[in-house]
>>> print(open('model-v2.txt').read())   # compact mmCIF, C-alpha atoms
# COMPACT_ATOMS: atom_id res chain seq x y z
CA MET A 28 0.00 0.00 0.00
CA PRO A 29 1.38 3.49 -0.82
CA ARG A 30 2.92 5.58 1.95
CA GLY A 31 0.49 7.85 3.72
CA ILE A 32 -2.42 5.39 3.37
CA LYS A 33 -3.71 3.58 6.44
CA ARG A 34 -6.47 0.98 6.68
CA ILE A 35 -9.21 1.63 9.18
CA GLY A 36 -12.25 -0.16 10.52
CA ALA A 37 -13.42 -3.71 10.21
CA THR A 38 -13.66 -3.49 6.44
CA GLY A 39 -10.07 -2.37 5.93
CA MET A 40 -11.22 0.73 4.00
CA PRO A 41 -8.19 2.76 2.82
CA PHE A 42 -8.05 6.15 4.55
CA PRO A 43 -5.94 8.93 3.00
CA PHE A 44 -3.47 10.82 5.14
CA SER A 45 -2.03 12.72 2.20
CA ARG A 46 0.54 15.47 2.39
CA GLU A 47 -2.15 17.97 1.39
CA ALA A 48 -4.50 16.71 4.11
CA LEU A 49 -1.87 16.99 6.85
CA ALA A 50 -0.94 20.45 5.61
CA GLY A 51 -4.59 21.41 5.90
CA ALA A 52 -4.67 20.03 9.43
CA ARG A 53 -1.67 22.11 10.40
CA CYS A 54 -3.24 25.24 8.90
CA ALA A 55 -6.42 24.55 10.85
CA ALA A 56 -4.44 24.08 14.04
CA LEU A 57 -2.82 27.47 13.61
CA CYS A 58 -6.10 29.21 12.70
CA PHE A 59 -8.02 27.82 15.66
CA GLY A 60 -5.33 28.25 18.26
CA PHE A 61 -4.00 24.72 18.64
CA GLY A 62 -0.29 25.23 19.04
CA SER A 63 1.90 27.69 17.19
CA SER A 64 3.85 27.83 13.99
CA ARG A 65 6.93 26.68 15.90
CA THR A 66 5.39 23.76 17.77
CA THR A 67 2.62 22.51 15.50
CA SER A 68 3.97 20.25 12.77
CA THR A 69 2.09 17.88 10.51
CA THR A 70 3.58 15.03 12.52
CA ALA A 71 2.29 16.49 15.77
CA VAL A 72 -1.17 16.94 14.30
CA ALA A 73 -1.18 13.38 13.02
CA LYS A 74 -0.17 12.11 16.43
CA ALA A 75 -2.97 14.13 18.03
CA LEU A 76 -5.57 12.13 16.13
CA PRO A 77 -7.11 9.29 18.16
CA PRO A 78 -5.59 6.18 16.54
CA PRO A 79 -6.41 4.09 14.68
CA HIS A 80 -10.07 4.49 13.72
CA LEU A 81 -11.06 8.11 14.51
CA ARG A 82 -14.32 6.61 15.80
CA ASP A 83 -15.35 9.12 18.43
CA LEU A 84 -14.83 12.86 18.48
CA SER A 85 -17.64 13.61 20.90
CA ARG A 86 -15.19 13.91 23.82
CA PRO A 87 -11.83 14.91 22.30
CA LYS A 88 -8.91 15.26 24.68
CA ASN A 89 -8.17 18.65 23.18
CA PRO A 90 -11.16 20.98 22.60
CA ASN A 91 -9.89 21.94 19.16
CA LEU A 92 -9.30 18.41 17.95
CA ALA A 93 -12.68 18.07 16.23
CA THR A 94 -12.06 21.27 14.32
CA ILE A 95 -8.58 20.15 13.29
CA VAL A 96 -9.71 16.74 12.06
CA TYR A 97 -12.75 18.27 10.34
CA THR A 98 -10.59 20.78 8.45
CA MET A 99 -7.95 18.19 7.66
CA LEU A 100 -10.50 15.97 5.99
CA SER A 101 -12.04 18.96 4.23
CA SER A 102 -8.68 19.70 2.63
CA SER A 103 -8.21 16.08 1.62
CA PRO A 104 -8.78 15.19 -2.06
CA PHE A 105 -11.45 12.77 -0.80
CA HIS A 106 -14.93 13.55 0.53
CA PHE A 107 -16.40 12.37 3.82
CA ARG A 108 -19.84 12.77 5.33
CA PHE A 109 -19.81 13.88 8.96
CA HIS A 110 -22.60 12.30 10.98
CA SER A 111 -24.10 14.05 13.97
CA HIS A 112 -27.27 13.52 15.95
CA SER A 113 -28.62 16.85 14.73
CA HIS A 114 -28.19 16.05 11.03
CA SER A 115 -30.46 13.33 9.67
CA HIS A 116 -29.65 11.23 6.62
CA SER A 117 -32.83 12.47 4.91
CA HIS A 118 -31.25 15.89 4.41
CA SER A 119 -28.04 14.52 3.01
CA PRO A 120 -27.20 15.76 -0.49
CA PHE A 121 -25.90 12.30 -1.40
CA PRO A 122 -28.01 9.16 -1.21
CA TYR A 123 -25.36 6.75 -0.02
CA PRO A 124 -24.14 6.08 3.51
CA SER A 125 -20.58 6.45 4.65
CA PRO A 126 -18.43 3.31 4.54
CA PRO A 127 -19.65 0.50 6.80
CA SER A 128 -16.96 1.19 9.40
CA PRO A 129 -17.67 4.66 10.83
CA VAL A 130 -14.84 7.01 10.06
CA ILE A 131 -16.20 10.02 11.91
CA ALA A 132 -19.14 9.50 14.24
CA ASN A 133 -20.96 11.18 17.12
CA LEU A 134 -19.69 14.64 16.26
CA PRO A 135 -21.96 16.82 18.43
CA SER A 136 -21.88 19.85 16.15
CA LEU A 137 -19.97 21.18 13.18
CA PRO A 138 -17.21 23.71 13.87
CA ARG A 139 -18.25 27.30 13.32
CA VAL A 140 -16.06 30.02 11.84
CA PRO A 141 -16.69 33.62 10.78
CA PRO A 142 -17.99 33.98 7.23
CA TYR A 143 -15.49 34.72 4.47
CA GLY A 144 -14.14 38.20 4.96
CA GLY A 145 -14.69 38.16 8.74
CA GLY A 146 -17.30 39.88 10.87
CA GLY A 147 -21.06 39.57 10.85
CA GLY A 148 -21.63 36.50 13.04
CA CYS A 149 -20.79 32.90 12.34
CA ARG A 150 -21.80 30.19 9.93
CA PRO A 151 -21.10 26.45 10.02
CA LEU A 152 -18.50 25.06 7.68
CA GLN A 153 -20.12 23.19 4.81
CA PRO A 154 -19.86 19.48 5.62
CA PRO A 155 -17.60 17.56 3.28
CA LEU A 156 -19.92 15.42 1.18
CA VAL A 157 -19.41 11.72 0.79
CA SER A 158 -19.82 10.06 -2.52
CA TYR A 159 -19.42 6.42 -1.53
CA ILE A 160 -20.28 4.04 -4.39
CA PRO A 161 -21.13 0.59 -3.01
CA SER A 162 -20.40 -1.31 -6.20
CA LEU A 163 -17.00 0.39 -6.44
CA GLY A 164 -16.27 -0.05 -2.75
CA ALA A 165 -14.52 3.32 -2.76
CA LEU A 166 -14.90 7.01 -2.02
CA VAL A 167 -15.17 9.18 -5.12
CA PRO A 168 -12.95 12.29 -5.24
CA PHE A 169 -14.80 15.58 -5.28
CA PRO A 170 -12.84 18.44 -6.77
CA GLU A 171 -14.02 21.36 -4.69
CA LYS A 172 -11.45 22.41 -2.10
CA LYS A 173 -12.65 24.34 0.96
CA PRO A 174 -10.42 26.94 2.61
CA CYS A 175 -9.05 25.96 5.99
CA CYS A 176 -8.40 29.50 7.19
CA VAL A 177 -10.21 32.84 7.22
CA LEU A 178 -8.80 36.02 5.72
CA PRO A 179 -9.11 39.38 7.46
CA ALA A 180 -11.92 41.53 6.12
CA ASP A 181 -9.66 44.06 4.37
CA ALA A 182 -7.59 41.34 2.65
CA ALA A 183 -10.73 39.47 1.57
CA ALA A 184 -12.26 42.68 0.19
CA SER A 185 -9.11 43.41 -1.81
CA ILE A 186 -9.07 39.93 -3.31
CA GLU A 187 -12.78 40.07 -4.15
CA SER A 188 -12.27 43.45 -5.83
CA ARG A 189 -9.50 42.06 -8.04
CA GLN A 190 -11.58 38.97 -8.85
CA GLY A 191 -14.54 41.14 -9.80
CA ALA A 192 -12.37 43.24 -12.08
CA TRP A 193 -10.97 40.10 -13.70
CA ARG A 194 -14.48 38.72 -14.30
CA GLY A 195 -15.53 41.99 -15.89
CA GLU A 196 -12.51 41.96 -18.20
CA HIS A 197 -13.08 38.36 -19.28
CA GLU A 198 -16.86 38.30 -19.74
CA GLU A 199 -16.38 38.66 -23.49
CA ASP A 200 -13.82 35.86 -23.44
CA GLU A 201 -16.50 33.57 -22.02
CA GLU A 202 -18.78 34.43 -24.91
CA ASP A 203 -15.94 33.97 -27.37
CA ALA A 204 -15.70 30.33 -26.28
CA LEU A 205 -18.54 29.73 -28.75
CA PRO A 206 -17.16 29.20 -32.29
CA SER A 207 -17.33 32.28 -34.47
CA GLY A 208 -20.59 32.57 -36.39
CA LEU A 209 -22.69 30.52 -33.99
CA ARG A 210 -25.32 32.39 -32.01
CA ARG A 211 -26.02 31.16 -28.51
CA GLU A 212 -29.72 31.97 -28.64
CA TRP A 213 -30.12 29.84 -31.79
CA LEU A 214 -28.34 26.76 -30.48
CA PRO A 215 -30.38 23.57 -30.10
CA ARG A 216 -31.31 22.81 -26.53
CA HIS A 217 -31.30 19.05 -27.10
CA VAL A 218 -28.84 17.30 -29.41
CA ALA A 219 -29.23 13.57 -30.13
CA VAL A 220 -26.54 11.48 -31.82
CA ILE A 221 -26.57 8.09 -33.52
CA MET A 222 -22.92 7.17 -33.06
CA ASP A 223 -22.37 5.01 -36.13
CA GLY A 224 -19.28 3.77 -37.93
CA ASN A 225 -16.99 2.43 -35.19
CA SER A 226 -16.56 -0.99 -36.82
CA ARG A 227 -15.99 0.41 -40.31
CA TRP A 228 -13.49 2.92 -38.92
CA ALA A 229 -11.53 0.07 -37.33
CA LYS A 230 -11.76 -2.14 -40.42
CA ALA A 231 -10.41 0.63 -42.64
CA ARG A 232 -7.34 0.73 -40.40
CA SER A 233 -6.97 -3.06 -40.10
CA LEU A 234 -7.80 -2.83 -36.39
CA PRO A 235 -10.11 -5.01 -34.30
CA THR A 236 -13.67 -3.84 -33.77
CA SER A 237 -12.92 -3.16 -30.12
CA ALA A 238 -10.41 -0.48 -31.18
CA GLY A 239 -13.19 1.30 -33.06
CA HIS A 240 -15.40 1.33 -29.97
CA GLU A 241 -12.54 2.66 -27.85
CA ALA A 242 -11.97 5.45 -30.37
CA GLY A 243 -15.70 6.14 -30.36
CA TYR A 244 -15.60 6.61 -26.59
CA LYS A 245 -12.94 9.32 -27.03
CA ALA A 246 -15.15 11.08 -29.59
CA LEU A 247 -18.07 10.98 -27.17
CA ARG A 248 -15.96 12.44 -24.38
CA GLU A 249 -14.95 15.34 -26.64
CA MET A 250 -18.51 15.99 -27.78
CA LEU A 251 -19.71 16.05 -24.18
CA ARG A 252 -16.99 18.56 -23.31
CA LEU A 253 -17.96 20.82 -26.21
CA SER A 254 -21.66 20.55 -25.39
CA CYS A 255 -20.94 21.66 -21.82
CA ALA A 256 -18.81 24.56 -23.00
CA TRP A 257 -21.35 25.78 -25.56
CA GLY A 258 -24.45 25.57 -23.38
CA ILE A 259 -26.25 22.56 -24.87
CA ARG A 260 -28.78 21.48 -22.25
CA VAL A 261 -29.33 17.82 -23.23
CA LEU A 262 -27.09 15.40 -25.11
CA THR A 263 -28.61 12.00 -25.96
CA VAL A 264 -26.43 9.30 -27.48
CA PHE A 265 -27.52 6.00 -29.03
CA ALA A 266 -24.94 3.67 -27.50
CA PHE A 267 -26.54 0.24 -27.97
CA SER A 268 -29.82 -0.68 -29.65
CA SER A 269 -32.11 -3.56 -28.77
CA GLU A 270 -31.12 -5.11 -32.11
CA ASN A 271 -27.42 -4.95 -31.22
CA TRP A 272 -27.86 -7.97 -28.95
CA LEU A 273 -27.75 -10.01 -32.18
CA ARG A 274 -24.11 -9.05 -32.77
CA PRO A 275 -21.27 -11.52 -32.01
CA LYS A 276 -21.09 -12.35 -28.31
CA ALA A 277 -17.47 -11.24 -28.03
CA GLU A 278 -18.37 -7.75 -29.29
CA VAL A 279 -21.42 -7.51 -27.04
CA ASP A 280 -19.39 -8.56 -23.99
CA PHE A 281 -16.72 -6.00 -24.81
CA LEU A 282 -19.33 -3.24 -25.15
CA MET A 283 -20.88 -4.11 -21.77
CA MET A 284 -17.43 -3.99 -20.20
CA LEU A 285 -16.73 -0.67 -21.94
CA PHE A 286 -20.00 0.88 -20.71
CA GLU A 287 -19.18 -0.10 -17.14
CA ARG A 288 -15.65 1.25 -17.42
CA ILE A 289 -16.86 4.55 -18.85
CA LEU A 290 -19.24 5.08 -15.94
CA ARG A 291 -16.55 4.22 -13.39
CA GLU A 292 -13.91 6.45 -14.97
CA ASN A 293 -16.16 9.49 -15.30
CA ILE A 294 -17.94 9.65 -11.95
CA GLY A 295 -15.62 12.40 -10.78
CA ASN A 296 -16.07 14.30 -14.04
CA PHE A 297 -19.87 14.09 -13.77
CA LEU A 298 -19.69 15.68 -10.32
CA ARG A 299 -17.07 18.26 -11.25
CA GLU A 300 -18.86 19.44 -14.41
CA SER A 301 -22.38 19.11 -12.93
CA ILE A 302 -23.44 16.55 -15.53
CA ARG A 303 -26.64 14.65 -14.85
CA VAL A 304 -26.57 11.11 -16.23
CA ARG A 305 -29.67 9.20 -17.32
CA ILE A 306 -29.84 5.71 -18.78
CA ILE A 307 -32.82 4.78 -20.99
CA GLY A 308 -33.65 1.43 -22.53
CA ASP A 309 -34.43 -2.10 -21.36
CA SER A 310 -31.92 -2.29 -18.51
CA SER A 311 -33.16 -5.74 -17.45
CA LYS A 312 -31.03 -7.27 -20.22
CA LEU A 313 -27.83 -5.63 -19.00
CA PRO A 314 -25.34 -7.43 -16.72
CA PHE A 315 -26.34 -7.05 -13.08
CA ALA A 316 -23.16 -5.17 -12.14
CA LEU A 317 -23.79 -2.65 -14.92
CA GLN A 318 -27.43 -2.24 -13.88
CA LYS A 319 -26.40 -1.52 -10.31
CA LEU A 320 -23.65 0.92 -11.25
CA ALA A 321 -25.91 2.77 -13.70
CA LYS A 322 -28.57 3.27 -11.01
CA GLU A 323 -25.98 4.55 -8.55
CA VAL A 324 -24.51 7.03 -11.04
CA GLU A 325 -27.99 8.26 -11.99
CA GLU A 326 -28.91 8.77 -8.34
CA MET A 327 -25.62 10.40 -7.45
CA SER A 328 -25.84 12.91 -10.32
CA ARG A 329 -29.56 13.67 -10.05
CA ASN A 330 -28.98 17.15 -8.61
CA ASN A 331 -26.52 18.16 -11.34
CA SER A 332 -27.94 20.75 -13.70
CA ARG A 333 -25.38 21.96 -16.23
CA ILE A 334 -26.23 19.36 -18.87
CA GLU A 335 -28.14 16.09 -19.05
CA LEU A 336 -26.29 13.19 -20.64
CA VAL A 337 -28.87 10.62 -21.75
CA VAL A 338 -27.38 7.26 -22.75
CA ALA A 339 -29.66 4.91 -24.70
CA VAL A 340 -28.55 1.34 -23.99
CA SER A 341 -30.59 -1.67 -25.12
CA TYR A 342 -33.01 0.93 -26.45
CA SER A 343 -35.75 0.66 -29.05
CA GLY A 344 -37.91 3.54 -30.20
CA ARG A 345 -40.77 1.17 -31.02
CA GLY A 346 -40.31 -0.58 -27.69
CA ASP A 347 -40.46 2.77 -25.91
CA ILE A 348 -43.84 3.55 -27.52
CA ALA A 349 -45.09 0.00 -26.79
CA GLN A 350 -44.23 0.18 -23.09
CA ALA A 351 -45.95 3.58 -22.86
CA CYS A 352 -49.09 2.08 -24.37
CA GLN A 353 -48.93 -0.83 -21.92
CA LYS A 354 -48.81 1.55 -18.96
CA ILE A 355 -51.78 3.49 -20.30
CA SER A 356 -53.76 0.30 -20.98
CA GLN A 357 -53.28 -0.74 -17.36
CA LYS A 358 -54.75 2.57 -16.22
CA VAL A 359 -57.73 2.01 -18.50
CA LYS A 360 -58.11 -1.56 -17.23
CA HIS A 361 -58.26 -0.42 -13.60
CA GLY A 362 -60.72 2.38 -14.34
CA LEU A 363 -58.23 5.17 -13.78
CA LEU A 364 -58.51 6.42 -17.34
CA GLU A 365 -61.10 6.43 -20.10
CA PRO A 366 -60.01 5.53 -23.65
CA GLU A 367 -61.28 8.89 -24.87
CA GLU A 368 -58.85 10.61 -22.53
CA ILE A 369 -55.78 9.17 -24.24
CA THR A 370 -53.91 11.94 -26.02
CA GLU A 371 -50.49 12.49 -27.56
CA SER A 372 -49.49 14.37 -24.44
CA LEU A 373 -50.50 11.44 -22.25
CA ILE A 374 -48.43 9.02 -24.34
CA ALA A 375 -45.45 11.36 -24.18
CA GLN A 376 -45.69 11.38 -20.40
CA GLU A 377 -45.20 7.60 -20.33
CA LEU A 378 -42.13 7.55 -22.58
CA GLU A 379 -38.70 6.96 -21.05
CA THR A 380 -37.66 10.52 -21.87
CA THR A 381 -40.54 12.15 -20.00
CA SER A 382 -38.44 13.36 -17.05
CA ILE A 383 -35.79 14.99 -19.25
CA GLU A 384 -35.84 18.80 -19.25
CA PHE A 385 -36.23 18.95 -23.05
CA PRO A 386 -37.40 15.45 -24.07
CA CYS A 387 -37.56 16.03 -27.83
CA PRO A 388 -34.30 16.56 -29.75
CA ASP A 389 -33.99 19.80 -31.67
CA LEU A 390 -31.11 18.37 -33.70
CA LEU A 391 -30.45 14.70 -34.48
CA ILE A 392 -27.02 13.82 -35.90
CA ARG A 393 -26.09 10.53 -37.55
CA THR A 394 -22.55 9.73 -38.59
CA SER A 395 -20.99 7.27 -41.11
CA GLY A 396 -23.10 8.22 -44.15
CA GLU A 397 -26.25 6.26 -43.23
CA ALA A 398 -29.46 8.28 -43.58
CA ARG A 399 -32.04 6.61 -41.34
CA LEU A 400 -33.18 6.72 -37.71
CA SER A 401 -32.66 3.00 -36.98
CA ASN A 402 -35.39 2.80 -34.33
CA PHE A 403 -34.01 5.70 -32.26
CA LEU A 404 -36.32 8.20 -30.51
CA LEU A 405 -39.06 7.65 -33.09
CA TRP A 406 -41.76 9.53 -31.17
CA GLN A 407 -39.50 12.26 -29.81
CA SER A 408 -37.83 13.11 -33.15
CA ALA A 409 -41.06 13.88 -35.02
CA TYR A 410 -39.95 17.50 -35.51
CA SER A 411 -36.21 17.11 -35.05
CA GLU A 412 -33.87 18.64 -37.60
CA LEU A 413 -31.80 15.82 -39.10
CA PHE A 414 -28.13 16.10 -39.99
CA PHE A 415 -26.28 13.26 -41.75
CA THR A 416 -22.53 13.21 -42.22
CA LYS A 417 -20.23 10.70 -43.94
CA THR A 418 -17.68 11.03 -41.14
CA TYR A 419 -17.29 7.89 -39.05
CA TRP A 420 -18.10 8.46 -35.40
CA PRO A 421 -14.50 8.07 -34.08
CA ASP A 422 -13.44 10.89 -36.44
CA PHE A 423 -16.34 13.16 -35.49
CA GLY A 424 -14.74 16.18 -33.86
CA GLU A 425 -15.24 19.86 -33.17
CA ALA A 426 -15.28 20.91 -36.85
CA ASP A 427 -18.01 18.35 -37.62
CA TYR A 428 -20.04 19.42 -34.60
CA VAL A 429 -19.79 23.08 -35.60
CA GLU A 430 -20.90 22.17 -39.13
CA ALA A 431 -23.99 20.42 -37.75
CA LEU A 432 -24.82 23.39 -35.53
CA PHE A 433 -24.38 25.83 -38.44
CA SER A 434 -26.74 23.70 -40.51
CA PHE A 435 -29.29 23.77 -37.70
CA GLN A 436 -29.13 27.55 -37.32
CA LYS A 437 -29.79 28.06 -41.04
CA ARG A 438 -33.07 26.14 -40.94
CA GLN A 439 -36.51 27.56 -40.32
CA ARG A 440 -38.51 25.39 -37.93
CA ARG A 441 -42.22 25.78 -38.67
CA PHE A 442 -43.76 22.79 -36.87
CA GLY A 443 -46.45 22.52 -39.54
CA GLN A 444 -47.36 26.19 -39.45
CA ARG A 445 -47.13 28.69 -42.29
CA ILE A 446 -44.71 31.46 -41.47
CA THR A 447 -44.82 34.59 -43.62
>>> encode(input="model-v2.txt", output="C-alpha cells")
Amino acid sequence: MPRGIKRIGATGMPFPFSREALAGARCAALCFGFGSSRTTSTTAVAKALPPPHLRDLSRPKNPNLATIVYTMLSSSPFHFRFHSHSHSHSHSPFPYPSPPSPVIANLPSLPRVPPYGGGGGCRPLQPPLVSYIPSLGALVPFPEKKPCCVLPADAAASIESRQGAWRGEHEEDEEDALPSGLRREWLPRHVAVIMDGNSRWAKARSLPTSAGHEAGYKALREMLRLSCAWGIRVLTVFAFSSENWLRPKAEVDFLMMLFERILRENIGNFLRESIRVRIIGDSSKLPFALQKLAKEVEEMSRNNSRIELVVAVSYSGRGDIAQACQKISQKVKHGLLEPEEITESLIAQELETTSIEFPCPDLLIRTSGEARLSNFLLWQSAYSELFFTKTYWPDFGEADYVEALFSFQKRQRRFGQRIT
C-alpha cells in the first residue's frame, strides 16, 4: 500500500493521510489556536488524532481536535460525510451512507467560523460530502477544495475586488468560447446522436472492432466537453440498440465492459462538471453489475444541472412507444382512465424521456453516411432537424459538430405552421 495510506475499521477501508490533508490540518491548528507555527507540525497533528479508527470525536482530549480533524479531511482530495445527531440522513445531499466502518461519528456539532471576509456573526462550515459508491467499494474524489483558514476583512475585500475586475474583463472571453458565427440563442437545446461507424473505422485501419469502440468513446468524451462549454442542455447518445444484442457475443461482452468502465472512470467528471446522467432502454437485459452501477450514477448525479447526458442502452424507439401504451392500458383496465382521454401528451408522459428537461431533440445527428433513424427516438424526433454526415463516429470532432450546428441555425422550424 502506498505511503500515507492507512487501513481503518473492520472493512479495511483505505483512509488517506495525504501530504495535502496533513498540511490542511496544520493550517487549521494554527487558525483555531492549537499550538503555534513553531510547535505545531504535521507530525504532531497526526499524532494528536485518536488512533487508529477516529471513531469518536464527541469527547476529544483537546477541545480543538474536532475542528482540526474536520478541516484536515475537508482539505483532503477525498470527501467524507460527517454524521451528527442533529443532522439526519434524509437531508443529506448524497443518497449513499458512509463506509460500513464509521470514520467520523458522534460529532456533536460542526465547527463554526466567521464567514469569508470576517465579521457579521458565524456560519457552520459546509460538511464535506461523501460520494461512496457501493459497487466500487470506494470514495469518489470531489474536486471542490474548501479553505481551511479565514482572511481578514480588508484582505478578503481586496481579493474580491480584483476577482470582480478580472471577471468583468473576461466576460467577453467567455462568450468567445462559442465558435465564431454561432449564435447562442439559436443553439439547439437538445442534441441527439446516432454514433455510427466504429466498426468500419476500425476495419479501414486493419484494427479489431474493439479499437473502433474505444476510439468512439474518445469522440463521445470530446462531444460532451464541447456541449458543456457551448451551453447545450441535453445530449442524448444511441450507445446500444435492442437489435445490437444479435451481434457476435465477443463484441457484445466488450461493449458491456466498456460501458461499465466509462461510468466508473467518469464519476468524478460528472460531479465536477455538474453533468446529470440518465440511462434509458431495457436495462433488465444488461449485466447485473452494470445495472447496479448505472442506477448509482444516476442517483448520485440527479442534482446536477449543467447538462443532461442521456445514454440509450438496449433501447428501441418502437419498444419505448409500446411500453408507454402498456402503462396506459393498465390505467384504463383499472378504471383510472377512459379511452377517450388518451392523447399524444399522455403518451409522451409515459415515454422513457418524459423526465428529461427537453425530451424532444432539436437536432439529431447521424454519422458514417447512413441516412435513417434506426429505431431511435421515433416519437420524440417527429420535428427534429436531421443532420447526416459521412464522417465515421471516431473521427467526429469539433469541426463536424460546428458544421452540424451551423446547418441547424440556417433552418426555419415551422412545426407545420405557415410562417410569412
>>> residues_around(input="model-v2.txt", residues="range 249-253 of chain A", least_positions_apart="6", cutoff="9 Å", atoms="all atoms listed in the file", output="list in words")
Ile259, Leu262, Leu336, Phe423, Gly424, Glu425 and Tyr428 of chain A
>>> atom_distance(input="model-v2.txt", atom1="CA of Ser207 in chain A", atom2="CA of Phe435 in chain A")
15.0 Å
>>> residues_around(input="model-v2.txt", residues="Ser254 in chain A", least_positions_apart="3", cutoff="12 Å", atoms="only C-alpha atoms", output="MDAnalysis selection string")
chainID A and resid 204:206 211 214:219 247:251 257:263 300 302 333:336 424:425 428:429 432
>>> axis_aligned_box(input="model-v2.txt", around="range 375-382 of chain A", padding_each_side="6 Å", output="JSON")
{"center_x": -41.7, "center_y": 10.2, "center_z": -20.6, "size_x": 20.0, "size_y": 18.4, "size_z": 19.1}
>>> residues_around(input="model-v2.txt", residues="range 390-405 of chain A", least_positions_apart="5", cutoff="7 Å", atoms="only C-alpha atoms", output="ChimeraX atom specification")
/A:215,217-224,343-345,411-420,435
>>> atom_distance(input="model-v2.txt", atom1="CA of Tyr342 in chain A", atom2="CA of Glu292 in chain A")
23.0 Å
>>> closest_residue(input="model-v2.txt", among="A:Val359, A:Glu287, A:Gly346, A:Asn293", to="Ala321 in chain A", atoms="only C-alpha atoms")
A:Glu287
>>> atom_distance(input="model-v2.txt", atom1="CA of Lys358 in chain A", atom2="CA of Glu379 in chain A")
17.3 Å
>>> closest_residue(input="model-v2.txt", among="A:Phe442, A:Ala375, A:Ser310, A:Asn225", to="Lys245 in chain A", atoms="only C-alpha atoms")
A:Asn225
>>> residues_around(input="model-v2.txt", residues="Lys354 in chain A", least_positions_apart="3", cutoff="12 Å", atoms="all atoms listed in the file", output="PyMOL selection string")
chain A and resi 347-351+357-361+363-364+369+373-379
>>> write_last_selection(input="model-v2.txt", atoms="C-alpha atoms", output="short mmCIF file (atom, residue, chain, number, x, y, z; two decimals), keeping the file's coordinate frame")
data_model
loop_
_atom_site.label_atom_id
_atom_site.label_comp_id
_atom_site.auth_asym_id
_atom_site.auth_seq_id
_atom_site.Cartn_x
_atom_site.Cartn_y
_atom_site.Cartn_z
CA ASP A 347 -40.46 2.77 -25.91
CA ILE A 348 -43.84 3.55 -27.52
CA ALA A 349 -45.09 0.00 -26.79
CA GLN A 350 -44.23 0.18 -23.09
CA ALA A 351 -45.95 3.58 -22.86
CA GLN A 357 -53.28 -0.74 -17.36
CA LYS A 358 -54.75 2.57 -16.22
CA VAL A 359 -57.73 2.01 -18.50
CA LYS A 360 -58.11 -1.56 -17.23
CA HIS A 361 -58.26 -0.42 -13.60
CA LEU A 363 -58.23 5.17 -13.78
CA LEU A 364 -58.51 6.42 -17.34
CA ILE A 369 -55.78 9.17 -24.24
CA LEU A 373 -50.50 11.44 -22.25
CA ILE A 374 -48.43 9.02 -24.34
CA ALA A 375 -45.45 11.36 -24.18
CA GLN A 376 -45.69 11.38 -20.40
CA GLU A 377 -45.20 7.60 -20.33
CA LEU A 378 -42.13 7.55 -22.58
CA GLU A 379 -38.70 6.96 -21.05
#
>>> closest_residue(input="model-v2.txt", among="A:Glu241, A:Asp427, A:Asp422, A:Glu270", to="Leu285 in chain A", atoms="only C-alpha atoms")
A:Glu241
>>> residues_around(input="model-v2.txt", residues="Gly239 in chain A", least_positions_apart="3", cutoff="8 Å", atoms="all atoms listed in the file", output="ChimeraX atom specification")
/A:225-229,234-236,242-243,421
